[in-house]
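Below: start10.cif (mmCIF, C-alpha atoms)
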```cif
data_target
loop_
_atom_site.label_atom_id
_atom_site.label_comp_id
_atom_site.auth_asym_id
_atom_site.auth_seq_id
_atom_site.Cartn_x
_atom_site.Cartn_y
_atom_site.Cartn_z
CA MET L 1087 -56.39 -17.63 38.93
CA PRO L 1088 -54.39 -20.53 40.17
CA LYS L 1089 -51.09 -19.40 41.52
CA ILE L 1090 -48.29 -21.46 40.11
CA LYS L 1091 -45.32 -21.06 42.27
CA LEU L 1092 -42.19 -21.87 40.36
CA PRO L 1093 -39.61 -23.42 42.57
CA ARG L 1094 -36.68 -21.05 42.74
CA LYS L 1095 -33.46 -22.79 42.00
CA SER L 1096 -30.14 -21.22 42.75
CA THR L 1097 -28.60 -19.65 39.60
CA HIS L 1098 -25.08 -20.97 39.98
CA ILE L 1099 -23.44 -21.26 36.56
CA ASP L 1100 -20.18 -23.15 36.42
CA MET L 1101 -17.82 -20.67 34.77
CA THR L 1102 -15.00 -23.16 34.13
CA ALA L 1103 -15.94 -23.78 30.51
CA MET L 1104 -16.26 -20.05 29.76
CA CYS L 1105 -12.86 -19.50 31.28
CA ASP L 1106 -11.35 -22.25 29.10
CA VAL L 1107 -12.77 -20.66 25.94
CA ALA L 1108 -11.47 -17.25 26.93
CA PHE L 1109 -7.94 -18.45 27.50
CA LEU L 1110 -7.98 -20.56 24.34
CA LEU L 1111 -8.85 -17.47 22.28
CA LEU L 1112 -6.22 -15.50 24.15
CA THR L 1113 -3.54 -18.09 23.41
CA PHE L 1114 -4.50 -18.05 19.72
CA PHE L 1115 -4.13 -14.28 19.50
CA MET L 1116 -0.87 -14.28 21.42
CA LEU L 1117 0.71 -16.88 19.15
CA ALA L 1118 -0.72 -16.07 15.73
CA THR L 1119 -0.50 -12.32 15.60
CA LYS L 1120 2.17 -9.66 15.63
CA PHE L 1121 1.90 -6.21 17.12
CA LYS L 1122 0.97 -3.62 14.51
CA PRO L 1123 4.06 -1.62 13.52
CA GLU L 1124 3.94 2.05 14.40
CA GLU L 1125 3.20 4.50 11.64
CA PRO L 1126 4.49 8.06 11.60
CA VAL L 1127 1.17 9.25 10.21
CA GLN L 1128 -2.28 7.71 9.58
CA ILE L 1129 -2.69 6.37 6.05
CA VAL L 1130 -5.79 4.97 4.34
CA GLN L 1131 -4.45 2.57 1.74
CA PRO L 1132 -6.14 1.95 -1.60
CA ALA L 1133 -7.24 -1.62 -2.37
CA SER L 1134 -6.10 -3.95 -5.11
CA THR L 1135 -6.46 -7.62 -6.00
CA SER L 1136 -2.75 -8.27 -5.52
CA THR L 1137 -1.96 -10.98 -2.97
CA LYS L 1138 1.82 -10.65 -3.03
CA ASN L 1139 3.58 -10.24 0.28
CA ILE L 1140 6.65 -8.13 0.80
CA PRO L 1141 9.60 -10.04 2.21
CA ASP L 1142 11.34 -8.57 5.26
CA GLY L 1143 14.13 -6.16 4.52
CA TYR L 1144 12.53 -3.30 2.63
CA MET L 1145 12.57 0.49 2.44
CA LYS L 1146 9.24 2.17 3.02
CA ILE L 1147 8.33 5.57 1.62
CA THR L 1148 5.14 6.83 3.30
CA LEU L 1149 3.09 9.44 1.43
CA ASP L 1150 0.17 10.92 3.32
CA LYS L 1151 -2.80 12.67 1.73
CA LEU L 1152 -1.20 16.10 2.09
CA GLY L 1153 1.73 14.89 0.02
CA ARG L 1154 4.25 14.70 2.89
CA VAL L 1155 6.98 12.11 2.52
CA PHE L 1156 8.32 9.94 5.36
CA PHE L 1157 11.05 7.33 5.10
CA ASP L 1158 11.63 4.14 7.07
CA VAL L 1159 13.56 0.89 6.89
CA ASP L 1160 12.12 -2.19 8.57
CA ASN L 1161 15.29 -4.01 9.67
CA LYS L 1162 16.73 -2.45 12.83
CA VAL L 1163 20.34 -3.49 12.19
CA GLN L 1164 20.29 -2.04 8.68
CA LYS L 1165 18.61 1.07 10.06
CA GLU L 1166 21.54 1.65 12.41
CA GLU L 1167 24.00 1.24 9.56
CA LEU L 1168 21.96 3.70 7.51
CA ILE L 1169 21.84 6.43 10.16
CA GLN L 1170 25.57 6.11 10.78
CA ARG L 1171 26.15 6.58 7.06
CA ILE L 1172 23.83 9.60 6.95
CA ASN L 1173 25.55 10.96 10.06
CA GLU L 1174 28.95 10.83 8.37
CA GLY L 1175 27.74 11.99 4.98
CA LYS L 1176 25.79 14.98 6.23
CA ASN L 1177 27.97 15.71 9.29
CA LEU L 1178 25.03 15.76 11.67
CA GLY L 1179 26.94 14.98 14.87
CA LEU L 1180 24.32 12.59 16.26
CA THR L 1181 24.74 11.24 19.78
CA GLU L 1182 24.26 7.59 20.81
CA ALA L 1183 20.81 8.36 22.19
CA GLU L 1184 19.73 10.06 18.96
CA VAL L 1185 20.96 7.12 16.89
CA LYS L 1186 18.97 4.78 19.15
CA SER L 1187 15.91 7.02 18.77
CA PHE L 1188 16.12 6.65 15.00
CA VAL L 1189 16.57 2.88 15.14
CA THR L 1190 13.60 2.30 17.45
CA GLY L 1191 11.40 4.94 15.83
CA SER L 1192 8.80 4.60 13.11
CA GLY L 1193 10.41 6.58 10.32
CA VAL L 1194 11.37 10.22 9.83
CA GLY L 1195 9.74 13.02 7.89
CA VAL L 1196 12.04 15.96 8.47
CA PRO L 1197 14.73 17.67 6.42
CA PHE L 1198 18.33 16.90 7.35
CA SER L 1199 18.67 20.35 8.92
CA GLN L 1200 16.05 19.40 11.54
CA LEU L 1201 16.97 15.74 11.92
CA LYS L 1202 19.20 16.11 14.99
CA GLN L 1203 16.60 18.11 16.93
CA TYR L 1204 13.85 15.70 15.88
CA LEU L 1205 15.78 12.65 17.11
CA ALA L 1206 16.49 14.38 20.43
CA LEU L 1207 12.75 14.54 21.20
CA THR L 1208 10.89 11.85 23.15
CA PRO L 1209 8.63 9.50 21.14
CA ALA L 1210 5.53 11.35 22.34
CA GLN L 1211 7.00 14.68 21.21
CA GLN L 1212 8.00 13.12 17.90
CA THR L 1213 4.42 11.98 17.27
CA ALA L 1214 3.19 15.49 18.03
CA PHE L 1215 5.85 16.99 15.74
CA ASP L 1216 4.89 14.58 12.94
CA LYS L 1217 1.45 16.17 12.79
CA THR L 1218 2.85 19.48 11.60
CA THR L 1219 6.08 18.50 9.86
CA ARG L 1220 6.36 19.13 6.12
CA GLY L 1221 7.99 15.80 5.40
CA ILE L 1222 11.24 14.99 3.62
CA PRO L 1223 11.84 17.53 0.84
CA THR L 1224 11.13 15.81 -2.46
CA ASP L 1225 11.02 17.30 -5.92
CA THR L 1226 11.44 16.31 -9.53
CA THR L 1227 15.12 17.19 -9.80
CA GLU L 1228 18.10 14.86 -9.66
CA SER L 1229 19.97 17.01 -7.18
CA PHE L 1230 20.76 15.36 -3.85
CA GLU L 1231 20.74 18.80 -2.22
CA THR L 1232 17.12 19.73 -2.88
CA ASN L 1233 15.68 16.24 -3.31
CA GLU L 1234 16.51 14.77 0.10
CA LEU L 1235 14.44 11.65 -0.56
CA ALA L 1236 16.90 10.82 -3.33
CA TYR L 1237 19.74 11.12 -0.78
CA TRP L 1238 17.98 8.80 1.69
CA LEU L 1239 17.31 6.22 -1.02
CA ASP L 1240 20.81 6.42 -2.41
CA ALA L 1241 22.29 5.88 1.06
CA SER L 1242 20.03 2.95 1.90
CA ARG L 1243 19.66 1.06 -1.36
CA PHE L 1244 22.88 -0.91 -0.90
CA ILE L 1245 22.55 -1.31 2.86
CA VAL L 1246 19.01 -2.67 2.87
CA LYS L 1247 18.99 -6.32 1.92
CA SER L 1248 16.39 -9.00 2.33
CA VAL L 1249 17.31 -12.59 3.09
CA ASP L 1250 15.11 -15.30 1.64
CA HIS L 1251 13.97 -17.57 4.48
CA ASN L 1252 13.96 -20.67 2.29
CA THR L 1253 17.20 -20.38 0.38
CA GLY L 1254 19.18 -18.02 2.61
CA LYS L 1255 20.04 -15.95 -0.45
CA GLU L 1256 20.52 -12.25 0.00
CA THR L 1257 18.88 -9.91 -2.49
CA GLN L 1258 18.58 -6.17 -2.65
CA GLY L 1259 15.81 -4.83 -0.46
CA ARG L 1260 12.59 -3.79 -2.13
CA ILE L 1261 11.22 -0.29 -2.17
CA VAL L 1262 7.60 -0.04 -1.10
CA ILE L 1263 5.43 3.07 -1.22
CA LYS L 1264 2.68 3.34 1.35
CA ALA L 1265 0.53 6.05 -0.16
CA ASP L 1266 -2.81 7.37 1.04
CA GLY L 1267 -5.60 6.85 -1.48
CA ASP L 1268 -6.34 10.55 -1.49
CA ALA L 1269 -2.75 11.64 -2.13
CA LYS L 1270 -2.72 13.70 -5.30
CA TYR L 1271 -1.04 12.31 -8.38
CA PRO L 1272 1.65 15.04 -8.66
CA ASP L 1273 2.95 14.03 -5.20
CA VAL L 1274 3.11 10.34 -6.15
CA SER L 1275 4.69 11.36 -9.43
CA LYS L 1276 7.48 13.16 -7.55
CA VAL L 1277 8.29 9.99 -5.61
CA ILE L 1278 8.13 7.78 -8.72
CA GLY L 1279 10.24 10.35 -10.59
CA THR L 1280 12.86 10.31 -7.82
CA LEU L 1281 13.02 6.52 -8.09
CA GLY L 1282 13.36 6.85 -11.85
CA HIS L 1283 16.31 9.24 -11.56
CA LEU L 1284 18.04 6.67 -9.35
CA GLY L 1285 17.40 3.99 -11.96
CA ILE L 1286 14.76 2.21 -9.89
CA PHE L 1287 11.90 1.20 -12.17
CA LYS L 1288 10.61 -1.74 -10.18
CA PHE L 1289 8.89 -1.05 -6.86
CA SER L 1290 5.64 -1.78 -5.04
CA PHE L 1291 2.66 -0.08 -3.44
CA PHE L 1292 1.17 -1.31 -0.17
CA THR L 1293 -2.49 -2.08 -0.81
CA ASP L 1294 -5.41 -3.58 1.07
CA LEU L 1295 -6.77 -6.82 -0.29
CA LYS L 1296 -9.74 -6.63 -2.65
CA GLY L 1297 -11.59 -9.72 -3.86
CA ILE L 1298 -11.15 -10.70 -7.52
CA PRO L 1299 -14.35 -9.69 -9.36
CA PRO L 1300 -16.12 -12.77 -10.76
CA GLY L 1301 -16.30 -13.33 -14.52
CA THR L 1302 -13.16 -11.39 -15.34
CA ALA L 1303 -9.96 -12.60 -17.01
CA LEU L 1304 -8.10 -12.69 -13.71
CA ALA L 1305 -10.81 -14.81 -12.07
CA GLU L 1306 -10.64 -17.31 -14.95
CA SER L 1307 -6.86 -17.57 -14.90
CA GLY L 1308 -7.03 -18.10 -11.15
CA ALA L 1309 -9.56 -20.89 -11.64
CA LYS L 1310 -7.33 -22.47 -14.29
CA GLN L 1311 -4.35 -22.37 -11.93
CA ASP L 1312 -6.37 -24.00 -9.18
CA ALA L 1313 -7.44 -26.77 -11.55
CA GLU L 1314 -3.85 -27.57 -12.55
CA MET E 456 3.22 -29.71 71.28
CA ALA E 457 0.42 -27.56 70.26
CA GLU E 458 -2.10 -29.11 68.07
CA ILE E 459 -4.37 -27.21 65.93
CA GLU E 460 -7.71 -28.71 65.64
CA VAL E 461 -10.05 -27.59 63.01
CA LYS E 462 -13.39 -27.45 64.60
CA GLY E 463 -16.23 -28.88 62.69
CA GLY E 464 -14.22 -29.43 59.59
CA LYS E 465 -15.40 -28.10 56.25
CA LYS E 466 -17.80 -30.35 54.59
CA HIS E 467 -17.80 -28.63 51.16
CA ALA E 468 -14.69 -28.02 49.03
CA PRO E 469 -14.04 -24.29 48.74
CA ARG E 470 -15.86 -22.88 45.72
CA ILE E 471 -14.12 -20.16 43.74
CA ASP E 472 -16.26 -17.85 41.68
CA LEU E 473 -14.53 -17.73 38.27
CA THR E 474 -16.39 -14.70 36.91
CA PRO E 475 -13.54 -12.23 37.43
CA MET E 476 -11.14 -14.67 35.76
CA VAL E 477 -13.34 -14.71 32.68
CA ASP E 478 -13.54 -10.90 32.73
CA LEU E 479 -9.74 -10.74 32.80
CA GLY E 480 -9.51 -13.25 29.95
CA PHE E 481 -11.85 -11.28 27.71
CA LEU E 482 -10.11 -8.02 28.58
CA LEU E 483 -6.80 -9.44 27.41
CA ILE E 484 -8.43 -10.85 24.26
CA THR E 485 -9.86 -7.44 23.40
CA PHE E 486 -6.46 -5.84 23.93
CA PHE E 487 -4.75 -8.29 21.60
CA MET E 488 -7.54 -8.07 19.02
CA LEU E 489 -7.12 -4.33 18.76
CA THR E 490 -3.36 -3.97 18.83
CA THR E 491 -2.19 -6.85 16.64
CA THR E 492 -2.51 -7.87 13.04
CA MET E 493 -2.64 -11.37 11.64
CA SER E 494 -1.77 -10.72 8.02
CA LYS E 495 1.29 -9.20 6.46
CA PRO E 496 0.47 -6.15 4.38
CA LYS E 497 -0.08 -6.92 0.71
CA ALA E 498 1.72 -5.10 -2.04
CA MET E 499 1.09 -4.41 -5.70
CA GLU E 500 4.17 -4.55 -7.88
CA ILE E 501 4.79 -1.82 -10.40
CA GLN E 502 7.16 -1.87 -13.34
CA MET E 503 7.66 1.58 -14.84
CA PRO E 504 8.98 1.90 -18.41
CA PHE E 505 12.74 2.06 -18.47
CA LYS E 506 13.83 5.65 -19.09
CA ASP E 507 17.01 5.67 -21.07
CA LYS E 508 18.07 9.30 -21.55
CA ASN E 509 20.13 8.44 -24.59
CA LEU E 510 17.27 6.75 -26.39
CA LYS E 511 16.40 8.60 -29.55
CA ASP E 512 12.83 9.07 -30.72
CA GLU E 513 13.38 6.84 -33.76
CA ASP E 514 14.40 3.88 -31.65
CA LYS E 515 11.37 4.07 -29.36
CA ASN E 516 8.68 1.46 -29.86
CA LYS E 517 6.10 2.76 -32.22
CA VAL E 518 2.63 2.11 -30.85
CA LYS E 519 0.08 1.51 -33.57
CA LYS E 520 -3.06 3.61 -33.43
CA ASP E 521 -5.39 0.66 -33.80
CA GLU E 522 -4.07 -1.25 -30.84
CA ALA E 523 -3.84 1.64 -28.38
CA LEU E 524 -6.38 2.92 -25.89
CA THR E 525 -5.56 6.12 -24.02
CA VAL E 526 -7.03 6.54 -20.54
CA LEU E 527 -6.99 9.94 -18.83
CA LEU E 528 -7.55 10.01 -15.06
CA SER E 529 -9.12 13.17 -13.74
CA LYS E 530 -10.75 14.56 -10.61
CA ASP E 531 -13.68 12.93 -8.77
CA HIS E 532 -12.53 9.51 -10.00
CA ARG E 533 -13.58 10.37 -13.53
CA ILE E 534 -11.97 8.57 -16.49
CA TYR E 535 -11.80 9.98 -20.00
CA TYR E 536 -10.75 7.60 -22.74
CA TYR E 537 -10.29 7.41 -26.49
CA ASN E 538 -8.89 5.02 -29.05
CA GLY E 539 -5.47 5.82 -30.40
CA ILE E 540 -2.50 7.71 -29.06
CA GLY E 541 -3.83 11.25 -29.40
CA ASP E 542 -0.69 12.62 -30.97
CA ASP E 543 -2.47 14.23 -33.89
CA PRO E 544 -4.00 17.56 -32.78
CA THR E 545 -5.62 18.12 -36.15
CA ASN E 546 -7.61 14.94 -35.89
CA PRO E 547 -9.01 14.94 -32.36
CA PRO E 548 -10.32 11.55 -31.27
CA GLN E 549 -13.72 10.83 -29.82
CA VAL E 550 -13.30 11.35 -26.07
CA GLU E 551 -15.71 9.53 -23.81
CA VAL E 552 -16.28 9.47 -20.07
CA THR E 553 -16.67 6.58 -17.69
CA TYR E 554 -16.14 5.66 -14.06
CA PHE E 555 -14.75 2.84 -11.96
CA LYS E 556 -17.89 0.69 -12.01
CA ASP E 557 -18.27 -3.06 -12.20
CA LYS E 558 -20.82 -2.78 -15.00
CA ASP E 559 -20.70 -0.26 -17.90
CA GLY E 560 -17.53 1.18 -16.51
CA ILE E 561 -13.87 1.16 -17.47
CA ARG E 562 -13.75 -2.63 -17.13
CA ASP E 563 -16.24 -3.09 -19.98
CA VAL E 564 -14.28 -0.54 -22.05
CA LEU E 565 -11.09 -2.57 -21.57
CA ILE E 566 -12.80 -5.87 -22.36
CA ASN E 567 -14.27 -4.36 -25.54
CA LYS E 568 -10.87 -2.99 -26.55
CA LYS E 569 -9.29 -6.42 -26.19
CA LYS E 570 -12.08 -7.91 -28.30
CA SER E 571 -11.69 -5.30 -31.04
CA VAL E 572 -7.93 -5.85 -31.20
CA GLN E 573 -8.59 -9.59 -31.53
CA ASP E 574 -11.03 -8.84 -34.37
CA LEU E 575 -8.47 -6.67 -36.15
CA ILE E 576 -5.86 -9.41 -35.84
CA SER E 577 -8.23 -12.00 -37.32
CA LYS E 578 -9.15 -9.58 -40.13
CA GLY E 579 -5.47 -9.10 -40.89
CA VAL E 580 -5.32 -5.37 -40.13
CA LEU E 581 -2.93 -6.04 -37.25
CA ASN E 582 -0.20 -8.65 -36.96
CA ALA E 583 -0.63 -11.74 -34.83
CA GLN E 584 1.75 -10.52 -32.17
CA ASP E 585 0.08 -7.14 -31.77
CA LYS E 586 -1.74 -6.78 -28.48
CA ALA E 587 -4.02 -4.23 -26.86
CA ILE E 588 -1.95 -1.43 -25.35
CA VAL E 589 -3.26 1.00 -22.76
CA LEU E 590 -1.63 4.36 -22.12
CA ILE E 591 -2.52 5.71 -18.69
CA LYS E 592 -2.22 9.47 -18.29
CA PRO E 593 -3.19 10.80 -14.86
CA ASP E 594 -3.77 14.54 -14.66
CA SER E 595 -2.88 16.70 -11.68
CA ASN E 596 -6.32 16.35 -10.08
CA SER E 597 -6.36 12.57 -9.95
CA THR E 598 -5.48 10.66 -6.79
CA THR E 599 -3.30 7.70 -5.89
CA GLU E 600 -6.42 5.60 -5.48
CA ASP E 601 -7.33 6.26 -9.13
CA LEU E 602 -3.86 5.22 -10.23
CA ILE E 603 -3.87 2.02 -8.16
CA SER E 604 -7.42 1.17 -9.30
CA ILE E 605 -6.59 1.56 -12.99
CA LEU E 606 -3.43 -0.52 -12.61
CA ASP E 607 -5.49 -3.14 -10.81
CA GLU E 608 -7.98 -3.13 -13.73
CA MET E 609 -5.04 -3.92 -16.02
CA THR E 610 -4.32 -7.03 -13.95
CA ILE E 611 -8.00 -7.97 -13.57
CA ASN E 612 -8.58 -7.82 -17.35
CA ALA E 613 -5.19 -9.31 -18.24
CA ILE E 614 -4.12 -6.37 -20.40
CA PRO E 615 -0.69 -7.46 -21.62
CA VAL E 616 0.97 -4.10 -22.26
CA TYR E 617 0.34 -0.83 -20.45
CA ALA E 618 2.30 2.18 -19.32
CA VAL E 619 1.87 5.23 -17.10
CA VAL E 620 2.99 8.27 -19.07
CA ASP E 621 2.91 12.02 -18.60
CA ILE E 622 -0.25 13.78 -19.70
CA THR E 623 0.20 16.01 -22.75
CA GLU E 624 -1.10 19.52 -23.40
CA VAL E 625 -3.39 18.12 -26.06
CA ASP E 626 -4.95 15.70 -23.58
CA GLN E 627 -5.42 18.40 -20.98
CA ASP E 628 -7.21 20.49 -23.59
CA PHE E 629 -9.51 17.54 -24.31
CA ILE E 630 -10.40 17.32 -20.64
CA LYS E 631 -11.02 21.09 -20.38
CA ALA E 632 -13.16 21.05 -23.50
CA THR E 633 -15.25 18.10 -22.30
CA GLU E 634 -15.74 19.69 -18.89
CA ALA E 635 -16.75 22.99 -20.48
CA ALA E 636 -19.25 21.22 -22.73
CA ASN E 637 -20.88 19.45 -19.78
CA PRO E 638 -21.13 21.91 -16.93
CA GLN E 639 -22.24 20.23 -13.70
#
```
Would you write the structure of this file as C-alpha cells?
Amino acid sequence: MPKIKLPRKSTHIDMTAMCDVAFLLLTFFMLATKFKPEEPVQIVQPASTSTKNIPDGYMKITLDKLGRVFFDVDNKVQKEELIQRINEGKNLGLTEAEVKSFVTGSGVGVPFSQLKQYLALTPAQQTAFDKTTRGIPTDTTESFETNELAYWLDASRFIVKSVDHNTGKETQGRIVIKADGDAKYPDVSKVIGTLGHLGIFKFSFFTDLKGIPPGTALAESGAKQDAE
Amino acid sequence: MAEIEVKGGKKHAPRIDLTPMVDLGFLLITFFMLTTTMSKPKAMEIQMPFKDKNLKDEDKNKVKKDEALTVLLSKDHRIYYYNGIGDDPTNPPQVEVTYFKDKDGIRDVLINKKKSVQDLISKGVLNAQDKAIVLIKPDSNSTTEDLISILDEMTINAIPVYAVVDITEVDQDFIKATEAANPQ
C-alpha cells in the first residue's frame, strides 16, 4: 500500500474573530437586558394570549401553589413611604436598617406581628424563612384586623402611582396578581374577594405569553388590525 | 550612560494566544444569559362585575336563558357546561363534559354557542342586541391555570359578555352526580 504522508501543518487558528463575536454578544446582553427581579418564592405562571405590559409603579400580590400570599411594590421610593405608613399605623417600631431591608427586599409574606423580626434578618435568612412562612393572613372578611392583605392594599393604593413615560401623567398604580398555575381557586378567590371589598374590580394577572391559535376570532381580528 | 542593547532583536511580533480571552467572553455571556431577562412580564387584565351591596335583585340584569352558557371548572382541568343559567332545580339542564383542547374542546363549544345565538337572533327569538353570555363558575377543586385559560378562551373567541360568579349548590350537585355516574 502506498504510504501517503500528509504534510503536517501547524494548527494555529487566529482567535481574533471568535473573540470579536464573543464580546459583541456580551455587549448586546449587557445593554438589552435587565437583571431578573428577585422573587420571594418560585412561581410557575399560567399562559395567556395577552400581550399587554404592566407600566412601572404597581403593587404585586404573589400567590404560590400552597395558597400563601406575599406582597410587594416595585418602586423603591413608594415602598419606603409605604413601610413608614405601616410602621406608624401598626406601631411596629422599625429601625432604619429594618426599613432599608424592606425597601431593598423582594416582598414580604409574614403577619404584622412577625414583620419586625423578619426585617431584622439577613437576606439569606429571609429567603430561608420564606420557605416555611404561612404568608400574609388573607380571608374573605372585610376586617382589617384578620385580613392583613386588605390592610396592606389600603395603605399602598394611594401611595403607589405610575407615571406615564410619554405624557408624564400620574395615574393610580395597578394591582397585579402573580399566581402559580396550580394555586387552588379558593385561594385566588380570597384575594379577588379582598380586592372587591376595597372596591377594586379592575386588576391584572401576570401571565406567560402564548401564541394566538390560528383560525380563531382573535387571530382574525389581529389580521384585520394589521391590514389597517 | 548605560545603554541597553537588545541582542539579536526579535524578528517576529509577539503573538498572544487569545483562547483564554474567548473563554472569558463566553463565560460572561453565559452569566448574563442566565441572570437577565429581555422582556417585561405580560399581564392579562381582568374586570370583575361591580358588586354594589345596595343593588336589589330586581334591578340586576336579567340574563336570558337562550343566550347564556354556564361553564363549571372542576378538578383535573375538567370543564362541565350546559346551556342556560341553571337556576331552575326542577328542570335540570343537560350537563356535558369537555377539556381544554384545541379541537373538540371548550373552544368549539364556545364557537357553537356564538353561532346558535346568531341563529336565534336571525330567527327573531332574541333581540338584535342580545349576545352570547358565558357564566364561569369555578369549583373549589379547580386551579388558577383553569381560570386563566377559560378567561383567555373568552378573548380568543371574542365572547362579548362573560362573568366569573360563585358556584351554586345546584351546580355542585350536578358535578357530583356526573362524577358518580362516570366512575373513573
Given only C-alpha atoms as the basis, pick out the residue of L:Thr1227, L:Lys1270, L:Met1116, L:Leu1178 nearest to Asp531 (chain E). L:Lys1270
Near Glu1182 (chain L), within 12 Å and counting only C-alpha atoms, which residues show up once chain neighbours fewer than 4 positions away are dropped, as a list in words? Glu1166, Ile1169, Gln1170, Asn1173, Lys1186, Ser1187, Phe1188, Val1189, Lys1202, Leu1205 and Ala1206 of chain L
Would you save the residues of that selection, restricted to C-alpha atoms, as a PDB file, keeping the file's coordinate frame?
```
ATOM      1  CA  GLU L1166      21.540   1.650  12.410  1.00  0.00           C
ATOM      2  CA  ILE L1169      21.840   6.430  10.160  1.00  0.00           C
ATOM      3  CA  GLN L1170      25.570   6.110  10.780  1.00  0.00           C
ATOM      4  CA  ASN L1173      25.550  10.960  10.060  1.00  0.00           C
ATOM      5  CA  LYS L1186      18.970   4.780  19.150  1.00  0.00           C
ATOM      6  CA  SER L1187      15.910   7.020  18.770  1.00  0.00           C
ATOM      7  CA  PHE L1188      16.120   6.650  15.000  1.00  0.00           C
ATOM      8  CA  VAL L1189      16.570   2.880  15.140  1.00  0.00           C
ATOM      9  CA  LYS L1202      19.200  16.110  14.990  1.00  0.00           C
ATOM     10  CA  LEU L1205      15.780  12.650  17.110  1.00  0.00           C
ATOM     11  CA  ALA L1206      16.490  14.380  20.430  1.00  0.00           C
TER      12      ALA L1206
END
```
Residues at most 8 Å from region 607-618 of chain E, counting only C-alpha atoms, excluding those fewer than 5 positions away in the same chain, as a ChimeraX atom specification? /L:1134-1136,1298-1299,1302-1305 /E:503-504,562,565-566,569,586-591
Answer key for the PyMOL selection byres ((chain L) within 6 of (chain E)), residues as a ChimeraX atom specification: /L:1101,1105,1108-1109,1112,1119-1122,1132,1134,1136-1139,1267-1272,1287-1293,1303-1304
Go ahead and write the selection's residues with C-alpha atoms as a PDB file, in the frame of the given file.
```pdb
ATOM      1  CA  MET L1101     -17.820 -20.670  34.770  1.00  0.00           C
ATOM      2  CA  CYS L1105     -12.860 -19.500  31.280  1.00  0.00           C
ATOM      3  CA  ALA L1108     -11.470 -17.250  26.930  1.00  0.00           C
ATOM      4  CA  PHE L1109      -7.940 -18.450  27.500  1.00  0.00           C
ATOM      5  CA  LEU L1112      -6.220 -15.500  24.150  1.00  0.00           C
ATOM      6  CA  THR L1119      -0.500 -12.320  15.600  1.00  0.00           C
ATOM      7  CA  LYS L1120       2.170  -9.660  15.630  1.00  0.00           C
ATOM      8  CA  PHE L1121       1.900  -6.210  17.120  1.00  0.00           C
ATOM      9  CA  LYS L1122       0.970  -3.620  14.510  1.00  0.00           C
ATOM     10  CA  PRO L1132      -6.140   1.950  -1.600  1.00  0.00           C
ATOM     11  CA  SER L1134      -6.100  -3.950  -5.110  1.00  0.00           C
ATOM     12  CA  SER L1136      -2.750  -8.270  -5.520  1.00  0.00           C
ATOM     13  CA  THR L1137      -1.960 -10.980  -2.970  1.00  0.00           C
ATOM     14  CA  LYS L1138       1.820 -10.650  -3.030  1.00  0.00           C
ATOM     15  CA  ASN L1139       3.580 -10.240   0.280  1.00  0.00           C
ATOM     16  CA  GLY L1267      -5.600   6.850  -1.480  1.00  0.00           C
ATOM     17  CA  ASP L1268      -6.340  10.550  -1.490  1.00  0.00           C
ATOM     18  CA  ALA L1269      -2.750  11.640  -2.130  1.00  0.00           C
ATOM     19  CA  LYS L1270      -2.720  13.700  -5.300  1.00  0.00           C
ATOM     20  CA  TYR L1271      -1.040  12.310  -8.380  1.00  0.00           C
ATOM     21  CA  PRO L1272       1.650  15.040  -8.660  1.00  0.00           C
ATOM     22  CA  PHE L1287      11.900   1.200 -12.170  1.00  0.00           C
ATOM     23  CA  LYS L1288      10.610  -1.740 -10.180  1.00  0.00           C
ATOM     24  CA  PHE L1289       8.890  -1.050  -6.860  1.00  0.00           C
ATOM     25  CA  SER L1290       5.640  -1.780  -5.040  1.00  0.00           C
ATOM     26  CA  PHE L1291       2.660  -0.080  -3.440  1.00  0.00           C
ATOM     27  CA  PHE L1292       1.170  -1.310  -0.170  1.00  0.00           C
ATOM     28  CA  THR L1293      -2.490  -2.080  -0.810  1.00  0.00           C
ATOM     29  CA  ALA L1303      -9.960 -12.600 -17.010  1.00  0.00           C
ATOM     30  CA  LEU L1304      -8.100 -12.690 -13.710  1.00  0.00           C
TER      31      LEU L1304
END
```
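Going from CA of Thr1253 (chain L) over to CA of Gly1143 (chain L), you cover 15.1 Å.
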What do you get, as a PyMOL selection string, if you spell out every residue that the PyMOL selection byres ((chain E and resi 554-556) around 8) selects here? chain E and resi 532-534+552-553+557-562+604
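Taking CA of Glu1256 (chain L) as the reference point, CA of Arg1243 (chain L) is found at 13.4 Å.
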Rounded to one decimal, what separation in Å do you get between CA of Val1196 (chain L) and CA of Phe1156 (chain L)?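 If I compute the distance from CA of Val1196 (chain L) to CA of Phe1156 (chain L), I get 7.7 Å.
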Let me know the residues the PyMOL selection byres ((chain L and resi 1259) around 12) catches in the file above, as a VMD selection string. chain L and resid 1140 to 1146 1159 to 1161 1164 1239 1242 to 1250 1255 to 1258 1260 to 1262 1286 1288 to 1290
